[in-house]
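Colleague: Take a look at protein.pdb, PDB, C-alpha atoms:
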```pdb
ATOM      1  CA  MET A 189     -20.989  28.922  -3.902
ATOM      2  CA  ALA A 190     -21.152  31.482  -1.119
ATOM      3  CA  HIS A 191     -23.860  34.097  -1.589
ATOM      4  CA  PRO A 192     -23.539  37.720  -0.429
ATOM      5  CA  LYS A 193     -27.222  37.810   0.568
ATOM      6  CA  ARG A 194     -26.436  35.085   3.127
ATOM      7  CA  ARG A 195     -23.405  36.944   4.490
ATOM      8  CA  LEU A 196     -23.105  36.476   8.258
ATOM      9  CA  PRO A 197     -23.507  39.667  10.310
ATOM     10  CA  GLY A 198     -20.216  39.031  12.133
ATOM     11  CA  ASN A 199     -18.159  39.667   8.973
ATOM     12  CA  ALA A 200     -16.052  42.804   8.731
ATOM     13  CA  PRO A 201     -17.213  45.096   5.906
ATOM     14  CA  GLY A 202     -15.490  44.544   2.590
ATOM     15  CA  ASP A 203     -14.972  42.156  -0.293
ATOM     16  CA  LEU A 204     -14.342  38.872   1.540
ATOM     17  CA  TYR A 205     -17.105  37.231   3.598
ATOM     18  CA  VAL A 206     -18.437  33.979   5.083
ATOM     19  CA  ASP A 207     -22.088  33.040   4.585
ATOM     20  CA  ASP A 208     -24.503  31.129   6.806
ATOM     21  CA  THR A 209     -23.704  27.719   5.295
ATOM     22  CA  CYS A 210     -20.513  27.587   7.401
ATOM     23  CA  ILE A 211     -20.268  24.367   9.480
ATOM     24  CA  ASP A 212     -17.625  25.704  11.897
ATOM     25  CA  CYS A 213     -14.980  23.195  10.756
ATOM     26  CA  ASP A 214     -12.158  25.629  11.682
ATOM     27  CA  THR A 215     -10.267  25.239   8.387
ATOM     28  CA  CYS A 216     -10.217  28.910   7.441
ATOM     29  CA  ARG A 217      -9.242  29.981  10.954
ATOM     30  CA  TRP A 218      -6.012  27.980  11.002
ATOM     31  CA  LEU A 219      -5.179  28.644   7.369
ATOM     32  CA  ALA A 220      -5.637  32.405   7.617
ATOM     33  CA  PRO A 221      -5.984  33.342  11.321
ATOM     34  CA  GLU A 222      -5.312  37.021  10.639
ATOM     35  CA  THR A 223      -8.454  37.155   8.476
ATOM     36  CA  PHE A 224     -10.925  34.685   9.994
ATOM     37  CA  PHE A 225     -12.204  34.150  13.515
ATOM     38  CA  ARG A 226     -15.028  32.352  15.294
ATOM     39  CA  ALA A 227     -18.200  34.344  15.881
ATOM     40  CA  ALA A 228     -21.446  32.933  17.261
ATOM     41  CA  GLY A 229     -20.523  29.342  16.464
ATOM     42  CA  GLN A 230     -19.412  29.936  12.871
ATOM     43  CA  SER A 231     -16.457  31.472  11.084
ATOM     44  CA  ALA A 232     -16.441  35.087   9.915
ATOM     45  CA  VAL A 233     -14.007  37.665   8.559
ATOM     46  CA  ARG A 234     -12.257  39.394  11.448
ATOM     47  CA  LYS A 235     -10.704  41.991   9.143
ATOM     48  CA  GLN A 236     -10.168  42.253   5.431
ATOM     49  CA  PRO A 237      -6.690  41.191   4.211
ATOM     50  CA  GLU A 238      -4.318  44.154   4.238
ATOM     51  CA  ASP A 239      -1.503  42.839   2.025
ATOM     52  CA  PRO A 240      -1.066  40.396  -0.889
ATOM     53  CA  GLU A 241       0.152  37.519   1.304
ATOM     54  CA  ALA A 242      -2.776  37.826   3.716
ATOM     55  CA  ARG A 243      -5.096  37.978   0.714
ATOM     56  CA  ARG A 244      -3.483  34.838  -0.720
ATOM     57  CA  ARG A 245      -3.930  32.917   2.544
ATOM     58  CA  ALA A 246      -7.559  33.992   2.731
ATOM     59  CA  LEU A 247      -8.162  32.761  -0.822
ATOM     60  CA  LEU A 248      -6.430  29.480   0.014
ATOM     61  CA  ALA A 249      -8.964  29.150   2.834
ATOM     62  CA  LEU A 250     -11.758  29.924   0.376
ATOM     63  CA  THR A 251     -10.493  27.115  -1.876
ATOM     64  CA  ALA A 252     -10.096  24.660   0.993
ATOM     65  CA  CYS A 253     -13.517  25.374   2.541
ATOM     66  CA  PRO A 254     -15.560  22.136   2.405
ATOM     67  CA  THR A 255     -18.920  23.869   2.037
ATOM     68  CA  ALA A 256     -17.979  26.750  -0.297
ATOM     69  CA  SER A 257     -19.107  29.120   2.464
ATOM     70  CA  ILE A 258     -16.440  31.764   1.777
ATOM     71  CA  GLY A 259     -16.871  34.239  -1.038
ATOM     72  CA  THR A 260     -15.770  37.538  -2.517
ATOM     73  CA  VAL A 261     -18.125  40.264  -3.674
ATOM     74  CA  LYS A 262     -15.981  40.849  -6.767
ATOM     75  CA  PRO A 263     -14.430  37.982  -8.771
ATOM     76  CA  ALA A 264     -10.901  37.325  -7.534
ATOM     77  CA  ALA A 265      -8.395  37.418 -10.408
ATOM     78  CA  GLU A 266      -5.936  35.405  -8.291
ATOM     79  CA  MET A 267      -8.141  32.312  -8.030
ATOM     80  CA  PRO A 268      -6.656  30.162 -10.832
ATOM     81  CA  ALA A 269      -3.185  30.453  -9.301
ATOM     82  CA  VAL A 270      -4.522  29.890  -5.784
ATOM     83  CA  ARG A 271      -6.441  26.753  -6.758
ATOM     84  CA  SER A 272      -3.286  25.309  -8.307
ATOM     85  CA  ALA A 273      -1.163  26.065  -5.231
ATOM     86  CA  PHE A 274      -2.318  22.913  -3.441
ATOM     87  CA  PRO A 275      -0.838  20.679  -2.185
ATOM     88  CA  LEU A 276       1.047  23.115   0.064
ATOM     89  CA  PRO A 277       4.407  22.155   1.599
ATOM     90  CA  VAL A 278       4.405  21.352   5.322
ATOM     91  CA  ALA A 279       8.001  20.170   5.790
ATOM     92  CA  ASP A 280      10.456  17.962   3.918
ATOM     93  CA  GLU A 281       8.336  16.090   1.353
ATOM     94  CA  VAL A 282       5.072  16.260   3.298
ATOM     95  CA  TYR A 283       2.250  18.378   1.884
ATOM     96  CA  TYR A 284      -1.205  19.558   2.924
ATOM     97  CA  CYS A 285      -3.837  18.859   0.267
ATOM     98  CA  GLY A 286      -6.452  21.528   0.987
ATOM     99  CA  TYR A 287      -9.737  20.856  -0.809
ATOM    100  CA  HIS A 288     -11.551  19.671   2.327
ATOM    101  CA  SER A 289     -14.728  17.662   1.904
ATOM    102  CA  SER A 290     -18.069  18.180   3.604
ATOM    103  CA  LYS A 291     -18.371  14.367   3.590
ATOM    104  CA  SER A 292     -15.668  14.258   6.279
ATOM    105  CA  TYR A 293     -16.873  17.426   8.047
ATOM    106  CA  GLY A 294     -13.913  19.349   6.681
ATOM    107  CA  ALA A 295     -11.068  17.016   7.693
ATOM    108  CA  ALA A 296      -7.571  17.762   6.392
ATOM    109  CA  ALA A 297      -5.787  15.340   4.067
ATOM    110  CA  TYR A 298      -2.054  15.080   3.407
ATOM    111  CA  PHE A 299       0.344  13.899   0.712
ATOM    112  CA  ILE A 300       3.760  12.290   1.220
ATOM    113  CA  ARG A 301       6.152  12.380  -1.711
ATOM    114  CA  ARG A 302       8.750   9.616  -1.558
ATOM    115  CA  PRO A 303      10.864   7.807  -4.210
ATOM    116  CA  GLU A 304       9.454   4.402  -3.236
ATOM    117  CA  GLY A 305       5.859   5.503  -3.784
ATOM    118  CA  ASN A 306       3.731   8.460  -2.749
ATOM    119  CA  VAL A 307       1.026   8.325  -0.090
ATOM    120  CA  LEU A 308      -2.256  10.156   0.286
ATOM    121  CA  VAL A 309      -3.306  10.296   3.927
ATOM    122  CA  ASP A 310      -7.100  10.496   4.082
ATOM    123  CA  SER A 311      -9.169  11.778   1.215
ATOM    124  CA  PRO A 312      -9.501  15.333  -0.049
ATOM    125  CA  ARG A 313     -12.659  16.186  -1.920
ATOM    126  CA  ARG A 314     -12.804  15.359  -5.587
ATOM    127  CA  SER A 315     -10.840  17.945  -7.569
ATOM    128  CA  GLU A 316      -9.304  17.615 -11.012
ATOM    129  CA  THR A 317      -7.103  20.630 -10.260
ATOM    130  CA  LEU A 318      -5.622  18.936  -7.201
ATOM    131  CA  ALA A 319      -5.418  15.593  -9.006
ATOM    132  CA  ALA A 320      -3.408  17.151 -11.838
ATOM    133  CA  ARG A 321      -0.963  18.656  -9.335
ATOM    134  CA  ILE A 322      -0.539  15.340  -7.522
ATOM    135  CA  GLU A 323      -0.156  13.523 -10.839
ATOM    136  CA  ALA A 324       2.657  15.929 -11.748
ATOM    137  CA  MET A 325       4.309  15.014  -8.427
ATOM    138  CA  GLY A 326       4.190  11.302  -9.225
ATOM    139  CA  GLY A 327       0.636  10.255  -8.361
ATOM    140  CA  ALA A 328      -0.100   8.044  -5.365
ATOM    141  CA  ARG A 329       0.778   4.433  -4.606
ATOM    142  CA  TRP A 330      -1.305   4.214  -1.436
ATOM    143  CA  LEU A 331      -4.321   5.986   0.027
ATOM    144  CA  PHE A 332      -4.116   5.465   3.773
ATOM    145  CA  LEU A 333      -7.462   6.031   5.506
ATOM    146  CA  THR A 334      -6.963   6.783   9.200
ATOM    147  CA  HIS A 335     -10.572   5.925  10.088
ATOM    148  CA  GLY A 336     -14.040   5.642   8.657
ATOM    149  CA  ASP A 337     -15.124   9.252   9.223
ATOM    150  CA  ASP A 338     -12.688  10.850   6.794
ATOM    151  CA  VAL A 339     -12.835   8.649   3.691
ATOM    152  CA  ALA A 340     -14.728  11.304   1.639
ATOM    153  CA  ASP A 341     -14.109  10.792  -2.114
ATOM    154  CA  HIS A 342     -11.697   7.871  -1.723
ATOM    155  CA  ALA A 343     -13.113   6.044  -4.753
ATOM    156  CA  PHE A 344     -12.270   9.004  -7.017
ATOM    157  CA  TRP A 345      -8.624   8.977  -5.927
ATOM    158  CA  ARG A 346      -8.438   5.190  -6.327
ATOM    159  CA  ASP A 347      -9.791   5.454  -9.855
ATOM    160  CA  ARG A 348      -7.593   8.446 -10.694
ATOM    161  CA  PHE A 349      -4.274   6.967  -9.556
ATOM    162  CA  GLY A 350      -4.868   3.235  -9.146
ATOM    163  CA  CYS A 351      -3.651   3.562  -5.561
ATOM    164  CA  ASP A 352      -4.325   0.840  -3.004
ATOM    165  CA  ARG A 353      -6.663   1.996  -0.255
ATOM    166  CA  ILE A 354      -5.730   0.883   3.261
ATOM    167  CA  ILE A 355      -8.158   0.870   6.185
ATOM    168  CA  HIS A 356      -8.640  -1.111   9.387
ATOM    169  CA  GLU A 357     -11.409  -3.702   9.467
ATOM    170  CA  GLY A 358     -12.934  -1.981  12.511
ATOM    171  CA  ASP A 359     -13.911   0.951  10.290
ATOM    172  CA  VAL A 360     -14.916  -0.872   7.131
ATOM    173  CA  HIS A 361     -18.435   0.060   6.120
ATOM    174  CA  GLY A 362     -20.306   1.043   2.987
ATOM    175  CA  SER A 363     -18.010   2.015   0.149
ATOM    176  CA  THR A 364     -14.800   1.154   2.034
ATOM    177  CA  ARG A 365     -15.633  -2.542   1.745
ATOM    178  CA  SER A 366     -13.940  -2.318  -1.650
ATOM    179  CA  ALA A 367     -10.609  -1.202  -0.131
ATOM    180  CA  GLU A 368      -7.650  -3.094  -1.539
ATOM    181  CA  ARG A 369      -6.019  -3.715   1.858
ATOM    182  CA  ILE A 370      -7.974  -4.232   5.050
ATOM    183  CA  LEU A 371      -5.978  -4.445   8.265
ATOM    184  CA  GLY A 372      -6.882  -6.380  11.403
ATOM    185  CA  GLY A 373      -5.877  -6.567  15.042
ATOM    186  CA  LYS A 374      -3.945  -4.109  17.191
ATOM    187  CA  ASP A 375      -0.394  -4.859  16.086
ATOM    188  CA  ASP A 376       1.602  -2.334  14.086
ATOM    189  CA  VAL A 377       2.007  -2.856  10.357
ATOM    190  CA  GLU A 378       5.206  -1.853   8.559
ATOM    191  CA  LEU A 379       3.934  -0.595   5.235
ATOM    192  CA  ALA A 380       7.516   0.245   4.251
ATOM    193  CA  PRO A 381      10.736   0.803   6.231
ATOM    194  CA  ASP A 382       9.813   4.482   6.657
ATOM    195  CA  LEU A 383       6.043   4.006   7.075
ATOM    196  CA  ARG A 384       4.488   2.421  10.162
ATOM    197  CA  ILE A 385       0.754   1.983  10.687
ATOM    198  CA  ILE A 386      -0.175   2.163  14.385
ATOM    199  CA  PRO A 387      -3.680   1.014  15.392
ATOM    200  CA  VAL A 388      -5.084   3.511  17.914
ATOM    201  CA  PRO A 389      -8.693   2.421  18.573
ATOM    202  CA  GLY A 390     -10.869   4.737  20.592
ATOM    203  CA  HIS A 391     -12.268   7.562  18.495
ATOM    204  CA  THR A 392     -13.534   4.758  16.289
ATOM    205  CA  GLU A 393     -12.950   1.034  16.578
ATOM    206  CA  GLY A 394     -10.563   0.975  13.638
ATOM    207  CA  SER A 395      -8.705   4.283  14.033
ATOM    208  CA  CYS A 396      -5.049   4.130  12.990
ATOM    209  CA  ALA A 397      -2.166   6.587  12.904
ATOM    210  CA  LEU A 398       0.613   6.643  10.330
ATOM    211  CA  LEU A 399       4.208   7.353  11.362
ATOM    212  CA  TYR A 400       6.516   8.530   8.576
ATOM    213  CA  ARG A 401      10.297   8.512   9.100
ATOM    214  CA  GLU A 402       9.793   8.576  12.887
ATOM    215  CA  LYS A 403       9.087  12.274  12.446
ATOM    216  CA  PHE A 404       5.600  12.876  11.065
ATOM    217  CA  LEU A 405       2.612  11.374  12.883
ATOM    218  CA  PHE A 406      -0.648  11.516  10.915
ATOM    219  CA  THR A 407      -3.342  11.097  13.549
ATOM    220  CA  GLY A 408      -6.751  11.371  11.898
ATOM    221  CA  ASP A 409      -9.150  12.252  14.711
ATOM    222  CA  HIS A 410      -7.076  10.550  17.419
ATOM    223  CA  LEU A 411      -4.783  13.396  18.518
ATOM    224  CA  ALA A 412      -4.523  17.137  17.860
ATOM    225  CA  PHE A 413      -3.286  20.320  19.502
ATOM    226  CA  SER A 414      -5.568  22.558  21.538
ATOM    227  CA  GLU A 415      -4.574  26.216  21.573
ATOM    228  CA  ARG A 416      -7.039  26.873  24.380
ATOM    229  CA  ARG A 417      -5.618  24.136  26.603
ATOM    230  CA  GLY A 418      -2.025  24.594  25.483
ATOM    231  CA  HIS A 419      -1.338  20.903  24.954
ATOM    232  CA  LEU A 420      -2.122  17.923  22.764
ATOM    233  CA  TYR A 421      -5.578  16.472  23.388
ATOM    234  CA  ALA A 422      -8.249  14.051  22.213
ATOM    235  CA  PHE A 423     -11.838  14.803  21.250
ATOM    236  CA  ARG A 424     -13.882  13.830  24.316
ATOM    237  CA  ASP A 425     -17.172  14.992  22.786
ATOM    238  CA  ALA A 426     -16.459  13.206  19.506
ATOM    239  CA  CYS A 427     -15.375   9.820  20.826
ATOM    240  CA  TRP A 428     -17.601   7.415  18.941
ATOM    241  CA  HIS A 429     -16.179   4.113  20.249
ATOM    242  CA  SER A 430     -14.474   4.073  23.676
ATOM    243  CA  TRP A 431     -12.819   6.768  25.779
ATOM    244  CA  PRO A 432     -10.914   4.252  27.982
ATOM    245  CA  GLU A 433      -9.636   2.510  24.859
ATOM    246  CA  LEU A 434      -8.709   5.857  23.332
ATOM    247  CA  THR A 435      -6.711   6.668  26.488
ATOM    248  CA  GLU A 436      -4.961   3.312  26.262
ATOM    249  CA  SER A 437      -4.118   4.009  22.615
ATOM    250  CA  MET A 438      -2.719   7.407  23.574
ATOM    251  CA  GLU A 439      -0.467   5.761  26.148
ATOM    252  CA  LYS A 440       0.780   3.440  23.412
ATOM    253  CA  LEU A 441       2.072   6.434  21.448
ATOM    254  CA  ARG A 442       4.576   7.210  24.204
ATOM    255  CA  GLY A 443       6.771   4.495  22.705
ATOM    256  CA  TYR A 444       7.220   6.283  19.357
ATOM    257  CA  PRO A 445       9.439   9.235  18.405
ATOM    258  CA  PHE A 446       7.846  12.004  16.363
ATOM    259  CA  GLU A 447       8.146  15.757  15.822
ATOM    260  CA  TRP A 448       4.922  16.583  14.000
ATOM    261  CA  VAL A 449       1.284  15.856  14.806
ATOM    262  CA  LEU A 450      -0.767  16.250  11.636
ATOM    263  CA  PRO A 451      -4.457  15.632  12.411
ATOM    264  CA  GLY A 452      -7.555  15.423  10.273
ATOM    265  CA  HIS A 453      -9.459  17.675  12.658
ATOM    266  CA  GLY A 454      -7.889  20.086  15.100
ATOM    267  CA  ARG A 455      -4.630  21.984  14.986
ATOM    268  CA  ARG A 456      -1.210  20.745  13.933
ATOM    269  CA  PHE A 457       1.723  20.756  16.327
ATOM    270  CA  HIS A 458       5.475  20.728  15.697
ATOM    271  CA  SER A 459       8.264  20.573  18.235
ATOM    272  CA  ASP A 460      11.299  18.559  19.298
ATOM    273  CA  ARG A 461      10.835  14.981  20.489
ATOM    274  CA  GLU A 462      11.250  15.739  24.187
ATOM    275  CA  THR A 463       8.578  18.435  24.031
ATOM    276  CA  MET A 464       6.333  16.022  22.162
ATOM    277  CA  ARG A 465       6.726  13.444  24.936
ATOM    278  CA  ASN A 466       5.868  16.075  27.536
ATOM    279  CA  GLN A 467       2.879  17.182  25.486
ATOM    280  CA  LEU A 468       1.661  13.615  25.196
ATOM    281  CA  GLU A 469       2.011  13.121  28.955
ATOM    282  CA  ALA A 470      -0.070  16.269  29.523
ATOM    283  CA  CYS A 471      -2.680  14.915  27.138
ATOM    284  CA  ILE A 472      -2.834  11.574  28.960
ATOM    285  CA  ARG A 473      -3.206  13.246  32.369
ATOM    286  CA  TRP A 474      -6.013  15.396  30.965
ATOM    287  CA  MET A 475      -7.722  12.325  29.504
ATOM    288  CA  ARG A 476      -7.481  10.310  32.703
ATOM    289  CA  ALA A 477      -9.158  13.165  34.577
ATOM    290  CA  ARG A 478     -12.145  12.716  32.246
ATOM    291  CA  ASP A 479     -12.615   8.960  32.559
TER     292      ASP A 479
END
```
Will you turn the file into structure tokens for me?
Modeller:
Amino acid sequence: MAHPKRRLPGNAPGDLYVDDTCIDCDTCRWLAPETFFRAAGQSAVRKQPEDPEARRRALLALTACPTASIGTVKPAAEMPAVRSAFPLPVADEVYYCGYHSSKSYGAAAYFIRRPEGNVLVDSPRRSETLAARIEAMGGARWLFLTHGDDVADHAFWRDRFGCDRIIHEGDVHGSTRSAERILGGKDDVELAPDLRIIPVPGHTEGSCALLYREKFLFTGDHLAFSERRGHLYAFRDACWHSWPELTESMEKLRGYPFEWVLPGHGRRFHSDRETMRNQLEACIRWMRARD
């Protein structure tokens, strides 16, 4: 739990604060940008929420925070309702899980609700509150793990729902050796007619993206949007396997239509397909300049 005695000096005065256990994962800043900002390499409260909706978004960020680094001086009466708000709708039947885990350095996880079987994309942290909400939405048939960094509490979700965990052999290590389905090679895998697994090695050897309905691309740590650069990009300083191979994998994505980029780390991006292609081309040019 956040502690007021560890409150960072960059916080605006008032009830809501961030303490010095913050790991700068960026979650609170994209969930509630009107409240949180980056100060001295960590997050802090820019200004206290001024209306109920801003307050709600700030408390959603508090709930999602992987290190429990956000707190309120006074107990927040809204918390039970806020905790039960996840998973939050993104678009259509795609949801954002919240409940980030410190085990994956605060990566985002997603939930796809579909009549043929629901999908968890990467693992949220263990939460009975979130599990009860997902159970009410039909549970999960599959837990797709984009890469080995963001597996977090995958065993909990397997045990809770009996879902099959899917991961590429290039990222199998430790607890993921027990995954029910281990993929190999660089060829795409059609998990279902509306679900395509696309191997995109580079960030890690076994990184994979998941394309849902040729609209939603779940990218793990392969691809995200950079507000500072103004285009899609890859994590040059967090490329654990091969930058040239990551560039090659990015070029591969030019052959797929999609309208959403939903990453584990980094910012989401949504636009029409032509803009997405242009964004991807800008990303590839930027990457080639850093070979």
Colleague: Work out how far apart CA of Asn199 in chain A and CA of Trp218 in chain A are and give it in Å to one decimal.
Modeller: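 Calculated distance between CA of Asn199 in chain A and CA of Trp218 in chain A is 17.0 Å.
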Colleague: Quick one: of A:His391, A:Arg313, A:Arg424, A:Arg455, who's nearest to Cys216 in chain A, counting only C-alpha atoms?
Modeller: A:Arg455
Colleague: Counting all atoms listed in the file, which of A:Arg329, A:Arg442, A:Lys235, A:Arg476 gets nearest to Val309 in chain A?
Modeller: A:Arg329
Colleague: Apply the PyMOL selection byres ((chain A and resi 318-320) around 12) to the structure shown and report the selected residues as an MDAnalysis selection string.
Modeller: chainID A and resid 251:252 268:276 284:288 297:299 308 311:317 321:328 344:349
Colleague: Quick one: everything within 10 Å of Asp208 in chain A, counting only C-alpha atoms, minus sequence neighbours fewer than 5 positions away in the same chain. Send it as a PDB file with C-alpha atoms, in the coordinates of the input.
Modeller:
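Contents of the output file selection-v5.pdb:
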```pdb
ATOM      1  CA  ALA A 190     -21.152  31.482  -1.119  1.00  0.00           C
ATOM      2  CA  HIS A 191     -23.860  34.097  -1.589  1.00  0.00           C
ATOM      3  CA  PRO A 192     -23.539  37.720  -0.429  1.00  0.00           C
ATOM      4  CA  LYS A 193     -27.222  37.810   0.568  1.00  0.00           C
ATOM      5  CA  ARG A 194     -26.436  35.085   3.127  1.00  0.00           C
ATOM      6  CA  ARG A 195     -23.405  36.944   4.490  1.00  0.00           C
ATOM      7  CA  LEU A 196     -23.105  36.476   8.258  1.00  0.00           C
ATOM      8  CA  PRO A 197     -23.507  39.667  10.310  1.00  0.00           C
ATOM      9  CA  GLN A 230     -19.412  29.936  12.871  1.00  0.00           C
ATOM     10  CA  SER A 231     -16.457  31.472  11.084  1.00  0.00           C
ATOM     11  CA  ALA A 232     -16.441  35.087   9.915  1.00  0.00           C
ATOM     12  CA  SER A 257     -19.107  29.120   2.464  1.00  0.00           C
ATOM     13  CA  ILE A 258     -16.440  31.764   1.777  1.00  0.00           C
TER      14      ILE A 258
END
```
Colleague: Compare A:Gly390, A:Gly443, A:Pro381, A:Gly452 by their minimum atom-to-atom distance to Phe413 in chain A, counting only C-alpha atoms, and give me the closest one.
Modeller: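 Ranked by minimum distance to Phe413 in chain A, first place goes to A:Gly452.
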Colleague: Tell me which residues the PyMOL selection byres ((chain A and resi 354-367) around 12) grabs here, as a PyMOL selection string.
Modeller: chain A and resi 307-311+329-347+350-353+368-377+379+385-398+428-429
Colleague: Using all atoms listed in the file, can you tell me which of A:Pro237, A:Pro432, A:Gly454, A:Pro303 comes closest to Phe406 in chain A?
Modeller: A:Gly454
Colleague: One decimal, Å: what's the distance from CA of Asn306 in chain A over to CA of Leu405 in chain A, could you say?
Modeller: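 Those two atoms sit 15.9 Å apart.
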Colleague: Calculated over all atoms listed in the file, which of the candidates A:Ala279, A:Val206, A:Leu248, A:Leu468 has the smallest distance to Ser437 in chain A?
Modeller: A:Leu468
Colleague: Residues within 8 Å of (11.1, 14.7, 18.0), file coordinates, counting all atoms listed in the file: what are they? Give the list as a list in words.
Modeller: Lys403, Pro445, Phe446, Glu447, Trp448, Ser459, Asp460, Arg461, Glu462, Thr463 and Met464 of chain A
Colleague: Hey, which of A:Arg243, A:His453, A:Arg401, A:Arg301 ends up closest to Glu378 in chain A? Count all atoms listed in the file.
Modeller: A:Arg401
Colleague: Mind checking which residues fall within 7 Å of Ala220 in chain A, counting only C-alpha atoms, ignoring those fewer than 3 positions away in the same chain, and posting them as a ChimeraX atom specification?
Modeller: /A:216-217,223-224,245-246,249
Colleague: Please expand the PyMOL selection byres ((chain A and resi 212) around 9) into the concrete residues it hits in this file, giving the result as number ranges by chain.
Modeller: A: 210-211, 213-215, 226, 229-231
Colleague: Write a file of the selected residues as a CSV table (one decimal), keeping the file's coordinate frame, keeping C-alpha atoms.
Modeller:
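And here's selection38.csv as it stands now:
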```csv
chain,number,residue,atom,x,y,z
A,210,CYS,CA,-20.5,27.6,7.4
A,211,ILE,CA,-20.3,24.4,9.5
A,213,CYS,CA,-15.0,23.2,10.8
A,214,ASP,CA,-12.2,25.6,11.7
A,215,THR,CA,-10.3,25.2,8.4
A,226,ARG,CA,-15.0,32.4,15.3
A,229,GLY,CA,-20.5,29.3,16.5
A,230,GLN,CA,-19.4,29.9,12.9
A,231,SER,CA,-16.5,31.5,11.1
```
Colleague: Provide the CA of Arg417 in chain A to CA of Pro277 in chain A distance in Å, to one decimal place.
Modeller: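 The value is 27.0 Å.
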Colleague: Mind giving me the axis-aligned box for range 395-414 of chain A with 6 Å on every side, centre plus edges in Å to one decimal, as JSON?
Modeller:
```
{"center_x": 0.6, "center_y": 13.3, "center_z": 15.1, "size_x": 31.4, "size_y": 30.4, "size_z": 25.0}
```
